[in-house]
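> What follows is coords_24.tsv; its format and atoms are TSV, C-alpha atoms.
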```
chain	number	residue	atom	x	y	z
D	120	MET	CA	14.34	-26.95	-19.64
D	121	LYS	CA	16.75	-28.75	-17.33
D	122	ASP	CA	18.46	-26.57	-14.71
D	123	LEU	CA	22.08	-25.62	-15.16
D	124	ARG	CA	23.69	-26.89	-11.95
D	125	PRO	CA	27.37	-25.97	-11.58
D	126	GLU	CA	29.28	-27.90	-8.92
D	127	THR	CA	32.14	-25.44	-8.54
D	128	GLU	CA	32.64	-21.68	-8.62
D	129	ALA	CA	34.94	-22.05	-11.65
D	130	GLU	CA	32.27	-24.00	-13.53
D	131	LEU	CA	29.69	-21.32	-12.71
D	132	ALA	CA	32.02	-18.57	-13.92
D	133	GLY	CA	32.56	-20.46	-17.16
D	134	ILE	CA	28.81	-20.79	-17.74
D	135	VAL	CA	28.31	-17.06	-17.31
D	136	ARG	CA	31.27	-16.17	-19.54
D	137	ASP	CA	30.15	-18.48	-22.33
D	138	THR	CA	26.42	-17.90	-22.33
D	139	GLY	CA	24.70	-15.52	-24.69
D	140	GLU	CA	21.26	-15.74	-23.13
D	141	PRO	CA	19.76	-14.45	-19.87
D	142	LEU	CA	19.91	-16.66	-16.78
D	143	ARG	CA	17.07	-17.30	-14.35
D	144	ILE	CA	19.00	-17.78	-11.12
D	145	ARG	CA	17.73	-19.48	-7.99
D	146	GLY	CA	18.98	-21.24	-4.88
D	147	GLY	CA	16.50	-23.76	-3.53
D	148	GLY	CA	13.60	-22.32	-5.51
D	149	THR	CA	11.49	-21.65	-2.42
D	150	ARG	CA	11.11	-17.87	-2.89
D	151	PRO	CA	9.85	-17.06	-6.41
D	152	ILE	CA	9.46	-13.36	-5.63
D	153	GLY	CA	9.76	-10.76	-8.38
D	154	VAL	CA	8.73	-10.44	-12.02
D	155	PRO	CA	9.15	-13.83	-13.78
D	156	VAL	CA	12.45	-14.03	-15.66
D	157	ASN	CA	12.60	-15.39	-19.20
D	158	GLY	CA	15.94	-17.16	-19.25
D	159	ALA	CA	17.85	-20.41	-18.86
D	160	PRO	CA	17.28	-21.80	-15.33
D	161	LEU	CA	20.41	-21.97	-13.19
D	162	THR	CA	20.54	-23.25	-9.62
D	163	THR	CA	23.34	-22.77	-7.10
D	164	ALA	CA	22.27	-25.89	-5.16
D	165	GLY	CA	25.37	-27.72	-6.40
D	166	LEU	CA	27.62	-25.23	-4.57
D	167	SER	CA	27.04	-26.75	-1.15
D	168	GLY	CA	28.99	-27.29	2.04
D	169	ILE	CA	30.21	-25.53	5.18
D	170	GLU	CA	33.82	-24.55	4.59
D	171	LEU	CA	34.74	-23.01	7.95
D	172	TYR	CA	33.04	-22.85	11.33
D	173	GLU	CA	34.71	-21.34	14.37
D	174	PRO	CA	32.24	-21.36	17.28
D	175	GLY	CA	34.62	-19.42	19.50
D	176	ALA	CA	34.86	-16.64	16.93
D	177	LEU	CA	31.12	-16.78	16.16
D	178	THR	CA	31.97	-17.12	12.47
D	179	LEU	CA	30.77	-19.49	9.75
D	180	VAL	CA	31.65	-19.68	6.06
D	181	ALA	CA	29.47	-21.70	3.69
D	182	GLN	CA	28.95	-22.15	-0.02
D	183	ALA	CA	25.84	-20.35	-1.19
D	184	GLY	CA	23.86	-23.47	-2.11
D	185	THR	CA	24.20	-25.01	1.36
D	186	PRO	CA	20.74	-25.86	2.72
D	187	LEU	CA	19.68	-23.48	5.48
D	188	ARG	CA	18.61	-26.48	7.53
D	189	GLU	CA	22.17	-27.84	7.48
D	190	VAL	CA	23.58	-24.52	8.68
D	191	GLU	CA	21.04	-24.29	11.51
D	192	GLU	CA	21.72	-27.88	12.62
D	193	VAL	CA	25.48	-27.30	12.79
D	194	LEU	CA	24.96	-24.11	14.80
D	195	ALA	CA	22.45	-25.74	17.17
D	196	ALA	CA	24.95	-28.48	18.02
D	197	GLU	CA	27.22	-25.74	19.41
D	198	GLY	CA	24.44	-23.82	21.17
D	199	GLN	CA	24.42	-21.08	18.51
D	200	ARG	CA	21.96	-19.72	15.92
D	201	LEU	CA	21.25	-17.26	13.13
D	202	ALA	CA	20.03	-14.36	15.23
D	203	PHE	CA	17.96	-12.77	12.45
D	204	GLU	CA	15.77	-15.96	12.23
D	205	PRO	CA	15.10	-16.06	8.47
D	206	MET	CA	11.53	-16.67	7.37
D	207	ASP	CA	10.55	-19.88	5.57
D	208	HIS	CA	8.40	-18.80	2.59
D	209	ARG	CA	7.30	-22.28	1.55
D	210	GLY	CA	4.00	-22.31	3.42
D	211	LEU	CA	3.05	-18.83	2.25
D	212	LEU	CA	4.02	-19.36	-1.39
D	213	GLY	CA	3.13	-23.04	-1.71
D	214	THR	CA	6.65	-23.98	-2.84
D	215	GLU	CA	8.82	-27.00	-2.10
D	216	GLY	CA	12.55	-27.60	-2.07
D	217	GLU	CA	15.17	-26.52	0.46
D	218	PRO	CA	15.95	-22.89	1.32
D	219	THR	CA	19.66	-22.14	0.91
D	220	ILE	CA	21.91	-19.84	2.90
D	221	GLY	CA	22.76	-17.92	-0.27
D	222	GLY	CA	19.07	-17.43	-1.02
D	223	VAL	CA	18.54	-16.04	2.46
D	224	PHE	CA	21.10	-13.31	1.87
D	225	ALA	CA	20.19	-12.72	-1.77
D	226	ALA	CA	16.69	-11.78	-0.55
D	227	ASN	CA	17.88	-10.31	2.80
D	228	VAL	CA	15.33	-12.48	4.62
D	229	SER	CA	14.87	-11.40	8.24
D	230	GLY	CA	12.37	-12.48	10.87
D	231	PRO	CA	10.79	-11.01	14.04
D	232	ARG	CA	14.11	-10.54	15.86
D	233	ARG	CA	15.19	-7.93	13.31
D	234	ILE	CA	13.86	-5.20	15.61
D	235	GLN	CA	16.46	-6.15	18.22
D	236	CYS	CA	19.48	-7.53	16.36
D	237	GLY	CA	19.24	-6.20	12.81
D	238	ALA	CA	18.62	-7.63	9.36
D	239	ALA	CA	20.32	-10.55	7.62
D	240	ARG	CA	22.70	-8.16	5.82
D	241	ASP	CA	23.98	-6.92	9.20
D	242	PHE	CA	25.41	-10.41	9.89
D	243	LEU	CA	27.07	-10.84	6.50
D	244	LEU	CA	30.84	-10.46	6.87
D	245	GLY	CA	32.03	-11.34	3.39
D	246	VAL	CA	30.92	-12.64	0.00
D	247	ARG	CA	32.25	-14.33	-3.10
D	248	PHE	CA	30.20	-14.12	-6.27
D	249	VAL	CA	30.35	-14.37	-10.04
D	250	ASP	CA	29.40	-11.16	-11.86
D	251	GLY	CA	27.79	-10.78	-15.28
D	252	ARG	CA	31.17	-10.99	-17.05
D	253	GLY	CA	31.93	-14.35	-15.47
D	254	GLU	CA	34.53	-12.88	-13.13
D	255	VAL	CA	34.88	-14.00	-9.48
D	256	ILE	CA	34.63	-11.09	-7.05
D	257	ARG	CA	35.56	-11.22	-3.37
D	258	ASN	CA	34.71	-8.68	-0.72
D	259	GLY	CA	34.55	-8.54	3.06
D	260	GLY	CA	35.63	-10.99	5.73
D	261	ARG	CA	37.83	-13.33	3.67
D	262	VAL	CA	38.95	-10.66	1.24
D	263	MET	CA	42.26	-11.02	-0.63
D	264	LYS	CA	41.66	-8.15	-2.99
D	265	ASN	CA	38.92	-5.62	-3.66
D	266	VAL	CA	39.23	-3.36	-6.66
D	267	THR	CA	35.61	-2.37	-7.01
D	268	GLY	CA	35.38	0.49	-4.51
D	269	TYR	CA	31.89	-0.69	-3.45
D	270	ASP	CA	30.67	-2.23	-0.20
D	271	LEU	CA	29.64	-5.38	-2.02
D	272	VAL	CA	28.61	-7.19	1.13
D	273	LYS	CA	25.75	-4.73	1.61
D	274	LEU	CA	25.00	-4.47	-2.12
D	275	MET	CA	24.60	-8.21	-2.61
D	276	ALA	CA	22.18	-8.62	0.30
D	277	GLY	CA	18.72	-8.07	-1.12
D	278	SER	CA	19.83	-7.83	-4.76
D	279	TYR	CA	18.02	-11.06	-5.74
D	280	GLY	CA	20.83	-12.23	-7.96
D	281	THR	CA	20.66	-9.20	-10.25
D	282	LEU	CA	24.21	-7.97	-9.53
D	283	GLY	CA	25.99	-11.29	-9.18
D	284	ILE	CA	25.54	-14.97	-8.36
D	285	LEU	CA	26.60	-15.68	-4.78
D	286	THR	CA	29.00	-18.61	-4.39
D	287	GLU	CA	30.14	-18.19	-0.79
D	288	VAL	CA	29.03	-16.24	2.28
D	289	ALA	CA	30.87	-15.54	5.52
D	290	LEU	CA	28.60	-14.62	8.41
D	291	LYS	CA	28.47	-13.83	12.07
D	292	VAL	CA	26.40	-16.06	14.36
D	293	LEU	CA	25.29	-15.64	17.97
D	294	PRO	CA	24.69	-17.89	21.01
D	295	ARG	CA	21.22	-19.27	21.55
D	296	THR	CA	19.35	-17.84	24.51
D	297	LEU	CA	18.47	-20.11	27.43
D	298	VAL	CA	14.84	-19.08	27.97
D	299	THR	CA	12.16	-17.47	25.81
D	300	GLY	CA	9.15	-15.77	27.31
D	301	SER	CA	6.04	-14.49	25.54
D	302	LEU	CA	3.47	-12.03	26.82
D	303	SER	CA	0.16	-12.28	24.99
D	304	CYS	CA	-3.17	-10.50	25.11
D	305	GLU	CA	-6.33	-11.57	23.31
D	306	GLY	CA	-8.92	-9.35	21.70
D	307	LEU	CA	-7.10	-6.04	21.24
D	308	GLY	CA	-7.99	-3.93	18.22
D	309	ASP	CA	-5.25	-2.62	15.96
D	310	GLU	CA	-5.53	0.92	17.37
D	311	THR	CA	-4.76	-0.43	20.85
D	312	ALA	CA	-2.37	-3.25	20.00
D	313	ILE	CA	0.18	-1.21	18.02
D	314	PRO	CA	0.63	1.47	20.73
D	315	ALA	CA	1.09	-1.38	23.24
D	316	LEU	CA	3.82	-2.90	21.08
D	317	CYS	CA	5.49	0.49	20.66
D	318	ARG	CA	5.38	1.00	24.43
D	319	ALA	CA	7.05	-2.37	24.98
D	320	LEU	CA	9.73	-1.66	22.38
D	321	GLY	CA	10.44	1.70	23.98
D	322	SER	CA	10.94	0.12	27.40
D	323	PRO	CA	14.32	-0.93	28.85
D	324	TYR	CA	13.30	-4.62	28.88
D	325	GLU	CA	15.03	-5.73	25.64
D	326	VAL	CA	12.08	-6.96	23.64
D	327	THR	CA	13.08	-9.30	20.78
D	328	GLY	CA	9.68	-9.71	19.15
D	329	ALA	CA	6.52	-7.58	18.94
D	330	ALA	CA	3.61	-8.72	16.76
D	331	HIS	CA	-0.17	-8.46	16.40
D	332	MET	CA	-2.39	-10.89	14.50
D	333	GLN	CA	-5.88	-9.76	13.55
D	334	ASN	CA	-6.81	-13.45	13.48
D	335	GLY	CA	-4.85	-15.49	15.98
D	336	PRO	CA	-4.94	-19.28	16.49
D	337	GLU	CA	-8.44	-19.13	18.00
D	338	GLY	CA	-9.75	-16.73	15.37
D	339	THR	CA	-9.54	-13.70	17.67
D	340	PRO	CA	-6.97	-10.87	17.65
D	341	ARG	CA	-3.76	-11.73	19.48
D	342	THR	CA	-0.95	-9.39	20.53
D	343	VAL	CA	2.40	-11.01	21.40
D	344	ILE	CA	5.68	-9.71	22.84
D	345	ARG	CA	8.87	-11.75	23.20
D	346	ILE	CA	11.77	-11.49	25.63
D	347	GLU	CA	14.80	-13.79	25.83
D	348	GLY	CA	17.63	-14.44	28.25
D	349	THR	CA	18.30	-16.31	31.47
D	350	GLU	CA	15.42	-17.70	33.52
D	351	ALA	CA	15.69	-15.04	36.23
D	352	SER	CA	16.05	-12.19	33.73
D	353	VAL	CA	13.07	-13.30	31.65
D	354	ALA	CA	10.89	-13.72	34.74
D	355	TYR	CA	11.75	-10.23	36.02
D	356	ARG	CA	11.37	-8.45	32.67
D	357	ALA	CA	8.13	-10.25	31.86
D	358	ALA	CA	6.60	-9.18	35.17
D	359	GLU	CA	7.71	-5.60	34.68
D	360	LEU	CA	6.40	-5.51	31.12
D	361	ARG	CA	3.04	-6.85	32.21
D	362	LYS	CA	2.73	-4.03	34.74
D	363	LEU	CA	3.85	-1.50	32.13
D	364	LEU	CA	1.20	-2.65	29.66
D	365	GLU	CA	-1.76	-3.22	31.99
D	366	ARG	CA	-3.54	-0.09	30.74
D	367	PHE	CA	-3.72	-1.68	27.28
D	368	GLY	CA	-5.02	-5.07	28.43
D	369	ALA	CA	-4.32	-8.17	30.51
D	370	PHE	CA	-1.16	-9.84	29.22
D	371	ALA	CA	-0.45	-13.47	30.14
D	372	ILE	CA	3.10	-14.80	30.48
D	373	ASP	CA	4.22	-18.04	28.82
D	374	THR	CA	7.72	-19.54	29.13
D	375	ASP	CA	6.96	-23.04	27.83
D	376	PRO	CA	9.55	-23.63	25.07
D	377	ASP	CA	7.24	-25.64	22.82
D	378	SER	CA	4.40	-23.12	22.78
D	379	THR	CA	6.62	-20.02	22.60
D	380	ASN	CA	8.65	-21.49	19.73
D	381	ALA	CA	5.46	-22.43	17.89
D	382	THR	CA	4.04	-18.93	18.38
D	383	TRP	CA	7.07	-17.14	16.99
D	384	ARG	CA	7.53	-19.61	14.16
D	385	ALA	CA	3.92	-18.90	13.16
D	386	ILE	CA	4.60	-15.16	13.19
D	387	ARG	CA	7.93	-15.52	11.37
D	388	ASP	CA	6.40	-17.61	8.58
D	389	VAL	CA	3.05	-15.72	8.47
D	390	GLN	CA	1.16	-18.96	9.13
D	391	PRO	CA	-2.31	-17.31	9.39
D	392	PHE	CA	-2.13	-16.77	5.61
D	393	HIS	CA	-0.99	-20.28	4.66
D	394	GLY	CA	-3.47	-21.83	2.25
D	395	LYS	CA	-5.68	-18.73	2.34
D	396	GLU	CA	-7.05	-17.31	-0.90
D	397	GLY	CA	-5.89	-13.83	-1.88
D	398	ASP	CA	-2.83	-11.81	-2.78
D	399	ILE	CA	-0.12	-11.27	-0.18
D	400	TRP	CA	1.63	-7.92	0.25
D	401	ARG	CA	4.52	-6.96	2.52
D	402	LEU	CA	4.47	-3.33	3.65
D	403	SER	CA	7.11	-1.37	5.51
D	404	VAL	CA	5.85	1.75	7.31
D	405	LYS	CA	6.22	3.72	10.51
D	406	PRO	CA	4.47	1.71	13.25
D	407	THR	CA	2.26	4.64	14.20
D	408	ASP	CA	0.94	4.79	10.62
D	409	ALA	CA	0.17	1.08	10.41
D	410	PRO	CA	-3.39	0.81	11.83
D	411	GLY	CA	-4.70	3.77	9.83
D	412	LEU	CA	-3.14	2.43	6.63
D	413	VAL	CA	-4.73	-1.00	7.03
D	414	ALA	CA	-8.10	0.58	7.80
D	415	ARG	CA	-8.02	2.40	4.44
D	416	ILE	CA	-7.78	-0.81	2.40
D	417	ASP	CA	-11.01	-2.77	1.81
D	418	GLY	CA	-11.34	-6.50	2.49
D	419	VAL	CA	-7.94	-6.90	4.07
D	420	GLU	CA	-6.56	-9.12	6.83
D	421	ALA	CA	-3.32	-8.03	8.48
D	422	LEU	CA	-0.49	-9.48	10.53
D	423	TYR	CA	1.76	-6.82	12.08
D	424	ASP	CA	5.39	-7.59	12.96
D	425	TRP	CA	8.33	-5.42	14.10
D	426	GLY	CA	5.99	-3.49	16.40
D	427	GLY	CA	3.82	-2.52	13.41
D	428	GLY	CA	6.71	-1.49	11.16
D	429	LEU	CA	6.16	-4.57	9.00
D	430	ILE	CA	2.64	-5.37	7.80
D	431	TRP	CA	1.67	-8.58	6.03
D	432	LEU	CA	-1.59	-8.09	4.12
D	433	CYS	CA	-3.91	-10.67	2.61
D	434	VAL	CA	-6.20	-8.88	0.14
D	435	PRO	CA	-8.82	-10.19	-2.32
D	436	LYS	CA	-7.21	-11.84	-5.32
D	437	GLY	CA	-6.65	-9.38	-8.13
D	438	THR	CA	-6.72	-6.26	-5.94
D	439	ALA	CA	-5.11	-3.51	-8.01
D	440	ALA	CA	-1.48	-2.88	-7.11
D	441	ALA	CA	-2.15	0.83	-7.61
D	442	ASP	CA	-4.68	0.76	-4.76
D	443	ILE	CA	-2.14	-0.73	-2.36
D	444	ARG	CA	0.67	1.57	-3.44
D	445	SER	CA	-1.48	4.70	-3.26
D	446	ALA	CA	-2.48	3.83	0.30
D	447	VAL	CA	1.17	3.36	1.24
D	448	ALA	CA	2.40	6.45	-0.63
D	449	GLY	CA	1.04	8.89	1.93
D	450	THR	CA	3.02	7.22	4.72
D	451	GLY	CA	6.44	7.31	3.08
D	452	GLY	CA	6.60	3.52	3.28
D	453	HIS	CA	6.93	0.91	0.58
D	454	ALA	CA	5.03	-2.17	-0.61
D	455	THR	CA	6.21	-5.47	-2.12
D	456	LEU	CA	3.91	-8.02	-3.75
D	457	ILE	CA	4.88	-11.41	-2.34
D	458	ARG	CA	2.12	-13.56	-3.82
D	459	GLY	CA	-0.17	-12.60	-6.69
D	460	THR	CA	0.04	-11.59	-10.34
D	461	ARG	CA	3.76	-10.95	-10.63
D	462	GLY	CA	3.67	-9.11	-13.95
D	463	VAL	CA	2.31	-5.93	-12.34
D	464	GLY	CA	5.59	-4.85	-10.77
D	465	VAL	CA	6.49	-6.55	-7.53
D	466	PHE	CA	8.82	-4.03	-5.93
D	467	GLN	CA	8.23	-0.45	-4.87
D	468	PRO	CA	8.84	2.06	-7.70
D	469	LEU	CA	12.05	4.00	-7.07
D	470	SER	CA	12.64	7.72	-7.15
D	471	PRO	CA	14.51	8.84	-10.31
D	472	PRO	CA	17.87	9.38	-8.53
D	473	VAL	CA	17.74	5.97	-6.84
D	474	ALA	CA	16.59	4.28	-10.06
D	475	ALA	CA	19.53	5.84	-11.91
D	476	LEU	CA	21.95	4.65	-9.23
D	477	GLN	CA	20.52	1.13	-9.39
D	478	GLU	CA	20.77	1.04	-13.17
D	479	GLY	CA	24.37	2.21	-12.99
D	480	LEU	CA	25.24	-0.61	-10.60
D	481	ARG	CA	23.63	-3.19	-12.87
D	482	LYS	CA	25.59	-1.92	-15.88
D	483	ARG	CA	28.78	-2.07	-13.82
D	484	PHE	CA	28.31	-5.64	-12.60
D	485	ASP	CA	26.15	-7.12	-15.37
D	486	PRO	CA	26.84	-5.16	-18.58
D	487	LYS	CA	25.26	-7.81	-20.84
D	488	GLY	CA	22.05	-8.01	-18.79
D	489	LEU	CA	22.32	-11.75	-18.10
D	490	LEU	CA	21.50	-12.02	-14.40
D	491	ASN	CA	17.79	-12.27	-13.56
D	492	PRO	CA	16.95	-9.43	-16.00
D	493	GLY	CA	13.71	-7.63	-15.19
D	494	LEU	CA	13.11	-9.49	-11.91
D	495	MET	CA	13.16	-6.26	-9.88
D	496	ALA	CA	11.56	-4.07	-12.56
D	497	PRO	CA	9.18	-1.41	-11.14
D	498	ALA	CA	5.49	-1.48	-12.03
D	499	SER	CA	5.73	0.74	-15.12
D	500	GLU	CA	8.41	-1.40	-16.76
D	501	ALA	CA	6.93	-4.76	-15.73
D	502	ALA	CA	3.61	-3.89	-17.35
D	503	GLU	CA	5.19	-3.16	-20.77
```
Go ahead and express the file in the form of structure tokens.

Amino acid sequence: MKDLRPETEAELAGIVRDTGEPLRIRGGGTRPIGVPVNGAPLTTAGLSGIELYEPGALTLVAQAGTPLREVEEVLAAEGQRLAFEPMDHRGLLGTEGEPTIGGVFAANVSGPRRIQCGAARDFLLGVRFVDGRGEVIRNGGRVMKNVTGYDLVKLMAGSYGTLGILTEVALKVLPRTLVTGSLSCEGLGDETAIPALCRALGSPYEVTGAAHMQNGPEGTPRTVIRIEGTEASVAYRAAELRKLLERFGAFAIDTDPDSTNATWRAIRDVQPFHGKEGDIWRLSVKPTDAPGLVARIDGVEALYDWGGGLIWLCVPKGTAAADIRSAVAGTGGHATLIRGTRGVGVFQPLSPPVAALQEGLRKRFDPKGLLNPGLMAPASEAAE
């Protein structure tokens, strides 16, 4: 079936008002995460273009279907960037197309710098979207009216198009840093690497990345810490961090922009798992629980980010979701299936009060159940 591709917000609103069937909503189609939706395909790629950019105010407004690459190029020309460095899922999921800025916020996609600056949703100032009735809703930075009583900016980030179809986002941007430095140590086991990352994050040296790969570029474990700033600041903080961490291992310092950018791009996009057989899970746990959790799961390879708070797992294809979730349950964390059999329930099952709240929001914003229905269904519902 050919994609519905509205070119204006009004056209999109008319499609939603007039349709009687569910809609399978996507931006660039690069992140097919969630239970597959049975509905008419609709893309927001036709809603494209940067509408306002004020470098001095660190503010940008763009239509939701604007390619992420275009946004990043415009910012780079002014020495600015998206501080939360959104991940590119194409290599991990084997998809093509162009990621869109609306898709980034719809999935709340955040990279390694989240530990220092916050998630994508923390940079979202305002939104415009079409709800399940075909009405245009505005909230946040460019607001003219808001009758909902909800913080829709936060609600829309990470809702995967189930509450509304984003048409415009207003966001805060930040200046690019002058120098990036990486400290790396080869051969550390998980039980040593994660405490080292936690020690670095607890230091006063403003770490902006802390990751550990069980299989680094040379096939050996690699632990990496990032600091950013001026040349003098990076040099001083890197030297102090190396002294602070010497009891964990010998950390080398690298400030070459090509190699440091390649290292953190590989971590951001989970490159060690590109083209590798197996199911991919994304776990969120307390860093101190991370090594023990991974050790309890058979046949697994892990990449730890956010100091161990985020774990990417590659497990044998077909590994039971219940096995992963039971291992995570004892830690109070949660697990999301990123690549694998998507009918088993992709997202973490919710507690009854939270599930009731979520269902109430969906009925409020999508009373006819048109917008990506079932995409975020928990395991019990997805299996039915």
> When you look at Ala276 in chain D with a cut-off of 9 Å (counting only C-alpha atoms), what residues show up, excluding the ones that are within fewer than 3 positions of it in the same chain? I need them as a PyMOL selection string.
chain D and resi 223-228+239-240+243+271-273+279
> Pick from D:Glu347, D:Cys317, D:Gly280, D:Ile134: nearest to Ala202 in chain D, with only C-alpha atoms counted?
D:Glu347
> Skip range 294-304 of chain D itself and residues of its chain fewer than 3 positions away, then list as a list in words all residues within 7 Å of it, counting only C-alpha atoms.
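Those residues are Gly198, Gln199, Arg200, Arg341, Thr342, Val343, Ile344, Arg345, Ile346, Glu347, Gly348, Thr349, Glu350, Val353, Gly368, Ala369, Phe370, Ala371, Ile372, Asp373, Thr374, Pro376 and Thr379 of chain D.
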> Could you tell me which of D:Cys433, D:Ala409, D:Ile152, D:Pro141 comes closest to Phe466 in chain D if we count only C-alpha atoms?
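Of D:Cys433, D:Ala409, D:Ile152, D:Pro141, the one nearest Phe466 in chain D, counting only C-alpha atoms, is D:Ile152.
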> Rounded to one decimal, what separation in Å do you get between CA of Gly464 in chain D and CA of Ser445 in chain D?
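One can read the CA of Gly464 in chain D to CA of Ser445 in chain D distance as 14.1 Å.
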> Between D:Gly306, D:Pro486, D:Gly449, D:Pro492, which is the closest to Arg415 in chain D once you count all atoms listed in the file?
D:Gly449
> Mind giving me the straight-line distance from CA of His331 in chain D to CA of Tyr423 in chain D in Å, one decimal?
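Between these atoms lies a distance of 5.0 Å.
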> Excluding range 428-430 of chain D and residues on its chain fewer than 4 positions from it, collect all residues at most 7 Å away from it, counting only C-alpha atoms, and give them as a PyMOL selection string.
chain D and resi 401-406+421-424
> For Gln467 in chain D, which residue among D:Met495, D:Met120, D:Val190, D:Val255 is the nearest when counting only C-alpha atoms?
D:Met495
